[in-house]
Amino acid sequence: MELYSEIILDYFKNPVNKGIIAEPSGTCTEHNPLCGDKIRVDLVLDKKGKVSEAKFSGEGCAISQAATSMLTEKLIGKTPAQIKKIDNDEIYKMLNIPISPGRVKCALLGLVTAKKAAILCKKTK
Amino acid sequence: MFDPKKVKKDFPIFSRKINGKALVYLDNASTSQKPKSVINALTNYYETFNSNTHRGIHTMSEEATAAYEDTREHVMKFINANLPKEIIFTRNTTEAINLVAYSWGEENIKSGDEIIVSAIEHHSNLVPWQELCRRKNATLKIIPIKKDLTLDLSAYEKLLSKKTKLVSISAMSNVLGYMPDLNKIIKSAHKVGSIVLVDGAQSVAHMKTDVKKLDCDFLAFSSHKMLGPTGVGVLYGKFEILSNMNPFMFGGDMVKSVEQHKAYWNDLPWKFEAGTPNIADVIAFDAALTYLDKIGLENIHKYDQKLLKYAVSKFSKYEKDGVSLILPTFKSSTSRSSSTTSNSSSSTFDSSVTSSILSFSIKGIHPHDIAQIFNDEGVAIRSGYHCSQPLIEHLNLSSTARMSFYFYNTEADIDRAEIALKRTLKLFKN
């Protein structure tokens, strides 16, 4: 199975939800110091306390960028509590590519960041 | 001159395939491959005279001690030191530098003193001095790097003063392949009464090192980057300096006599080699030195230059595709408007200041992805900070991809890397 599948490359070249949100309900920036990756996730909660908007920014390899972009789509409609429960296997399933030990951190950096952003979310405005 | 294709046959690892393709190993600055003679020396020790050194009266212990001390003498000749006792075996370059920081540094660095390192240092020649300065309330000064990626030696001259107690400098950058003018650096340091440690982790494997000619006070390097086993480092120190230093590791083998409440240190070099040493690997390191003697370091140095020029001529063709070479004194063909032809050979660099390493980046492609595609093609390269985070950040990069060569690499290996580069560009660029 190819690591750089068409879907991964497509999300990397044309990322969905890339950008920053001016007044997010919660935001977090995480680094992967070994490879110099940096990812920021911004979340906006609606009145029911569910994510209505999610964006990511920063730099990193194709795997971390594509994984975070795909993840932001999954976050819409979820509560912070539900985001905290997303486990690593869900990310691997979503990516559907072989993740070697050296690339685990790349695959999961977005999820780690999104969970922290979710925890930091203020109650609805 | 040796034949690189024939030489490659001495290294069993090159029969290996990676992803169905013959291995092309371009990560030699991390660690070199090992010839059969080194692997045989390890097996031979374990199978025929495995025993502890400096202790037993029995035959095998005497043989092990003799073989261990033979390596010390060989290292002495290899770097042209005066005495075997100037050669101390450690675990690696990092431990050799830490030995100086703890043993010499603890006694000689006082509050207000200054230590000078450069902007190109590996973490192993930076962090021990940061820590020593913190413990002693001393100041760490940095020789800056210029736009052409060489060190600013006139700025260095201004950093030197009576307060300077130590200059610790790499002989070859593991990111840039850059070799600073050590003769000049050492002479100037000695003029103000400072001693000099040379980090030879990269250089000793690639060019003739003569500690007498250099007149450095310490030299640190590792066996594993020069065909030898992992787990063996060398600290060379001038006899007068080493004899006045106290051990920093205590225990067996480093003592001459022990009373219940006091101990007396062993002679040099053993006072710095506490505990059972890495006997097997030190003995096998001897075989690595013998192999290098046979090839000749002058030949290796010449061949390094040839390979680097070839790699630069190949990779500089892709500048228009966003490939940047991170190479000292490099002038690309695209950056010089005056030239009438724009063929690849018009890219130039000063091959006398750089050797055996070619770092590069590609606009819009993360070095991890580059290294991954290269690996798919069977080409092993390194990506990341290369344990030189301050330098990489100074270059305004989050990380780089790095190819590093040794004498068993061939132009055909670089052609394979070029194929991998083309595939990387095709995959990631629309």
# chains A, B, ... in the order shown; residues from 1 in each chain; ligands from 1
$ interface_residues --of "chain B" --to "chain A" --cutoff "8 Å" --atoms "only C-alpha atoms" --output "PDB file with N, CA and C atoms, in the first residue's frame"
ATOM      1  N   ILE B 365       8.038  21.104   0.149  1.00  0.00           N
ATOM      2  CA  ILE B 365       8.079  19.678   0.489  1.00  0.00           C
ATOM      3  C   ILE B 365       8.883  19.497   1.773  1.00  0.00           C
ATOM      4  N   HIS B 366       8.266  18.862   2.755  1.00  0.00           N
ATOM      5  CA  HIS B 366       8.942  18.663   4.039  1.00  0.00           C
ATOM      6  C   HIS B 366      10.051  17.611   3.908  1.00  0.00           C
ATOM      7  N   PRO B 367      11.215  17.863   4.533  1.00  0.00           N
ATOM      8  CA  PRO B 367      12.329  16.909   4.437  1.00  0.00           C
ATOM      9  C   PRO B 367      11.968  15.469   4.826  1.00  0.00           C
ATOM     10  N   HIS B 368      11.001  15.292   5.756  1.00  0.00           N
ATOM     11  CA  HIS B 368      10.574  13.932   6.088  1.00  0.00           C
ATOM     12  C   HIS B 368       9.981  13.233   4.887  1.00  0.00           C
ATOM     13  N   ASP B 369       9.216  13.985   4.117  1.00  0.00           N
ATOM     14  CA  ASP B 369       8.613  13.400   2.922  1.00  0.00           C
ATOM     15  C   ASP B 369       9.687  13.101   1.875  1.00  0.00           C
ATOM     16  N   SER B 383      16.944  13.248   7.497  1.00  0.00           N
ATOM     17  CA  SER B 383      16.174  14.487   7.474  1.00  0.00           C
ATOM     18  C   SER B 383      15.954  14.950   8.897  1.00  0.00           C
ATOM     19  N   GLY B 384      15.808  16.249   9.078  1.00  0.00           N
ATOM     20  CA  GLY B 384      15.538  16.780  10.414  1.00  0.00           C
ATOM     21  C   GLY B 384      16.509  17.885  10.774  1.00  0.00           C
ATOM     22  N   TYR B 385      16.790  17.974  12.077  1.00  0.00           N
ATOM     23  CA  TYR B 385      17.676  19.014  12.590  1.00  0.00           C
ATOM     24  C   TYR B 385      19.148  18.579  12.596  1.00  0.00           C
ATOM     25  N   SER B 398      12.898  24.763   8.822  1.00  0.00           N
ATOM     26  CA  SER B 398      12.387  23.965   9.940  1.00  0.00           C
ATOM     27  C   SER B 398      13.199  22.684  10.049  1.00  0.00           C
ATOM     28  N   SER B 399      13.772  22.237   8.956  1.00  0.00           N
ATOM     29  CA  SER B 399      14.691  21.101   8.949  1.00  0.00           C
ATOM     30  C   SER B 399      15.241  20.967   7.524  1.00  0.00           C
ATOM     31  N   PHE B 428       5.022  15.483  -5.660  1.00  0.00           N
ATOM     32  CA  PHE B 428       4.492  16.571  -4.838  1.00  0.00           C
ATOM     33  C   PHE B 428       4.172  17.847  -5.599  1.00  0.00           C
TER      34      PHE B 428
END
$ residues_around --residues "Phe56 (chain A)" --least-positions-apart "6" --cutoff "9 Å" --atoms "only C-alpha atoms" --output "list in words"
Val16, Asn17, Lys18, Gly19, Ile20, Ile21, Ile39, Arg40, Val41, Asp42, Leu43, Gln65, Thr68, Ser69, Thr72 and Gly110 of chain A
$ select_by_dssp --residues "region 6-122 of chain A" --states "strand (DSSP E)" --output "ChimeraX atom specification"
/A:26-32,37-45,51-59
$ residues_around --residues "Glu53 (chain A)" --least-positions-apart "6" --cutoff "8 Å" --atoms "only C-alpha atoms" --output "VMD selection string"
chain A and resid 43 to 45 76
$ write_last_selection --atoms "N, CA and C atoms" --output "PDB file, in the first residue's frame"
ATOM      1  N   LEU A  43     -10.954  26.236  16.930  1.00  0.00           N
ATOM      2  CA  LEU A  43     -12.313  25.685  16.931  1.00  0.00           C
ATOM      3  C   LEU A  43     -13.325  26.770  17.334  1.00  0.00           C
ATOM      4  N   VAL A  44     -14.526  26.701  16.720  1.00  0.00           N
ATOM      5  CA  VAL A  44     -15.630  27.574  17.130  1.00  0.00           C
ATOM      6  C   VAL A  44     -16.802  26.682  17.531  1.00  0.00           C
ATOM      7  N   LEU A  45     -17.375  26.952  18.710  1.00  0.00           N
ATOM      8  CA  LEU A  45     -18.529  26.172  19.169  1.00  0.00           C
ATOM      9  C   LEU A  45     -19.827  26.939  18.898  1.00  0.00           C
ATOM     10  N   ILE A  76     -16.380  18.713  12.958  1.00  0.00           N
ATOM     11  CA  ILE A  76     -17.621  19.492  12.855  1.00  0.00           C
ATOM     12  C   ILE A  76     -18.790  18.694  13.451  1.00  0.00           C
TER      13      ILE A  76
END
$ atom_distance --atom1 "CA of Ser57 (chain A)" --atom2 "CA of Leu75 (chain A)"
15.4 Å
$ select_by_dssp --residues "region 76-119 of chain A" --states "alpha helix (DSSP H)" --output "JSON, numbers by chain"
{"A": [80, 81, 82, 83, 84, 88, 89, 90, 91, 92, 93, 94, 95, 104, 105, 106, 107, 108, 109, 110, 111, 112, 113, 114, 115, 116, 117, 118, 119]}
$ write_last_selection --atoms "C-alpha atoms" --output "PDB file, in the first residue's frame"
ATOM      1  CA  PRO A  80     -15.296  18.960  23.101  1.00  0.00           C
ATOM      2  CA  ALA A  81     -16.025  15.859  25.207  1.00  0.00           C
ATOM      3  CA  GLN A  82     -16.526  13.802  22.042  1.00  0.00           C
ATOM      4  CA  ILE A  83     -13.296  15.175  20.531  1.00  0.00           C
ATOM      5  CA  LYS A  84     -11.388  14.148  23.641  1.00  0.00           C
ATOM      6  CA  ASN A  88      -5.491   7.031  17.582  1.00  0.00           C
ATOM      7  CA  ASP A  89      -6.949   4.089  15.675  1.00  0.00           C
ATOM      8  CA  GLU A  90      -9.634   6.346  14.242  1.00  0.00           C
ATOM      9  CA  ILE A  91      -6.882   8.499  12.722  1.00  0.00           C
ATOM     10  CA  TYR A  92      -5.094   5.484  11.247  1.00  0.00           C
ATOM     11  CA  LYS A  93      -8.406   4.249   9.798  1.00  0.00           C
ATOM     12  CA  MET A  94      -9.155   7.691   8.385  1.00  0.00           C
ATOM     13  CA  LEU A  95      -5.709   7.925   6.726  1.00  0.00           C
ATOM     14  CA  VAL A 104       3.348   7.974  14.167  1.00  0.00           C
ATOM     15  CA  LYS A 105       4.006  11.454  15.561  1.00  0.00           C
ATOM     16  CA  CYS A 106       3.325  12.990  12.150  1.00  0.00           C
ATOM     17  CA  ALA A 107      -0.002  11.171  11.894  1.00  0.00           C
ATOM     18  CA  LEU A 108      -1.127  12.087  15.412  1.00  0.00           C
ATOM     19  CA  LEU A 109       0.135  15.667  15.851  1.00  0.00           C
ATOM     20  CA  GLY A 110      -3.166  17.119  14.562  1.00  0.00           C
ATOM     21  CA  LEU A 111      -5.250  15.002  16.933  1.00  0.00           C
ATOM     22  CA  VAL A 112      -3.116  15.924  19.950  1.00  0.00           C
ATOM     23  CA  THR A 113      -3.485  19.604  19.035  1.00  0.00           C
ATOM     24  CA  ALA A 114      -7.248  19.348  18.389  1.00  0.00           C
ATOM     25  CA  LYS A 115      -7.821  17.660  21.763  1.00  0.00           C
ATOM     26  CA  LYS A 116      -5.957  20.421  23.577  1.00  0.00           C
ATOM     27  CA  ALA A 117      -7.867  23.076  21.627  1.00  0.00           C
ATOM     28  CA  ALA A 118     -11.121  21.320  22.587  1.00  0.00           C
ATOM     29  CA  ILE A 119     -10.192  21.320  26.283  1.00  0.00           C
TER      30      ILE A 119
END
$ closest_residue --among "B:Val234, B:Leu421, B:Leu327, B:Met403" --to "Thr150 (chain B)" --atoms "only C-alpha atoms"
B:Leu327
$ closest_residue --among "B:Phe221, B:Phe49, B:Tyr102, B:Phe405" --to "Tyr303 (chain B)" --atoms "only C-alpha atoms"
B:Phe405
$ atom_distance --atom1 "CA of Pro229 (chain B)" --atom2 "CA of Thr31 (chain B)"
9.6 Å
$ residues_around --residues "Thr329 (chain B)" --least-positions-apart "2" --cutoff "9 Å" --atoms "only C-alpha atoms" --output "list in words"
Lys147, Asp148, Leu149, Thr150, Leu327, Lys331, Thr348, Phe349, Asp350, Ser351, Val353 and Thr354 of chain B
$ residues_around --residues "Arg382 (chain B)" --least-positions-apart "6" --cutoff "12 Å" --atoms "only C-alpha atoms" --output "PyMOL selection string"
(chain A and resi 35) or (chain B and resi 25-31+174-175+357-361+367-375+399-405)
$ atom_distance --atom1 "CA of Phe218 (chain B)" --atom2 "CA of His394 (chain B)"
27.9 Å
$ closest_residue --among "B:Met60, B:Met207, B:Leu395, B:Ala263" --to "Ile79 (chain B)" --atoms "only C-alpha atoms"
B:Met207
$ closest_residue --among "B:Val127, B:Ala64, B:Ile97, B:Leu160" --to "Asp113 (chain B)" --atoms "only C-alpha atoms"
B:Leu160
$ closest_residue --among "B:His386, B:Lys8, B:Lys271, B:Lys320" --to "Ile362 (chain B)" --atoms "only C-alpha atoms"
B:Lys320
$ residues_around --residues "Gln130 (chain B)" --least-positions-apart "5" --cutoff "10 Å" --atoms "only C-alpha atoms" --output "ChimeraX atom specification"
/B:115,117,125,135,138-141
$ write_last_selection --atoms "N, CA and C atoms" --output "PDB file, in the first residue's frame"
ATOM      1  N   ILE B 115      33.983  30.952  27.326  1.00  0.00           N
ATOM      2  CA  ILE B 115      34.207  29.795  26.451  1.00  0.00           C
ATOM      3  C   ILE B 115      33.644  30.184  25.090  1.00  0.00           C
ATOM      4  N   VAL B 117      32.414  28.848  21.332  1.00  0.00           N
ATOM      5  CA  VAL B 117      32.086  27.804  20.359  1.00  0.00           C
ATOM      6  C   VAL B 117      31.622  28.527  19.091  1.00  0.00           C
ATOM      7  N   ASN B 125      28.724  19.455  21.023  1.00  0.00           N
ATOM      8  CA  ASN B 125      29.784  20.425  21.308  1.00  0.00           C
ATOM      9  C   ASN B 125      29.191  21.793  21.653  1.00  0.00           C
ATOM     10  N   ARG B 135      26.883  26.270  35.388  1.00  0.00           N
ATOM     11  CA  ARG B 135      27.370  25.847  36.711  1.00  0.00           C
ATOM     12  C   ARG B 135      28.399  26.831  37.271  1.00  0.00           C
ATOM     13  N   ALA B 138      30.003  31.308  34.030  1.00  0.00           N
ATOM     14  CA  ALA B 138      30.899  31.757  32.953  1.00  0.00           C
ATOM     15  C   ALA B 138      30.039  32.133  31.747  1.00  0.00           C
ATOM     16  N   THR B 139      30.680  32.704  30.714  1.00  0.00           N
ATOM     17  CA  THR B 139      29.916  33.177  29.548  1.00  0.00           C
ATOM     18  C   THR B 139      30.266  32.371  28.308  1.00  0.00           C
ATOM     19  N   LEU B 140      29.237  31.959  27.570  1.00  0.00           N
ATOM     20  CA  LEU B 140      29.439  31.235  26.319  1.00  0.00           C
ATOM     21  C   LEU B 140      29.315  32.219  25.159  1.00  0.00           C
ATOM     22  N   LYS B 141      30.370  32.290  24.340  1.00  0.00           N
ATOM     23  CA  LYS B 141      30.347  33.204  23.180  1.00  0.00           C
ATOM     24  C   LYS B 141      30.315  32.370  21.903  1.00  0.00           C
TER      25      LYS B 141
END
$ closest_residue --among "A:Pro15, A:Gly77, A:Gly49, A:Pro101" --to "Cys121 (chain A)" --atoms "only C-alpha atoms"
A:Gly49
$ residues_around --residues "Glu418 (chain B)" --least-positions-apart "6" --cutoff "9 Å" --atoms "only C-alpha atoms" --output "VMD selection string"
chain B and resid 311 314 to 315
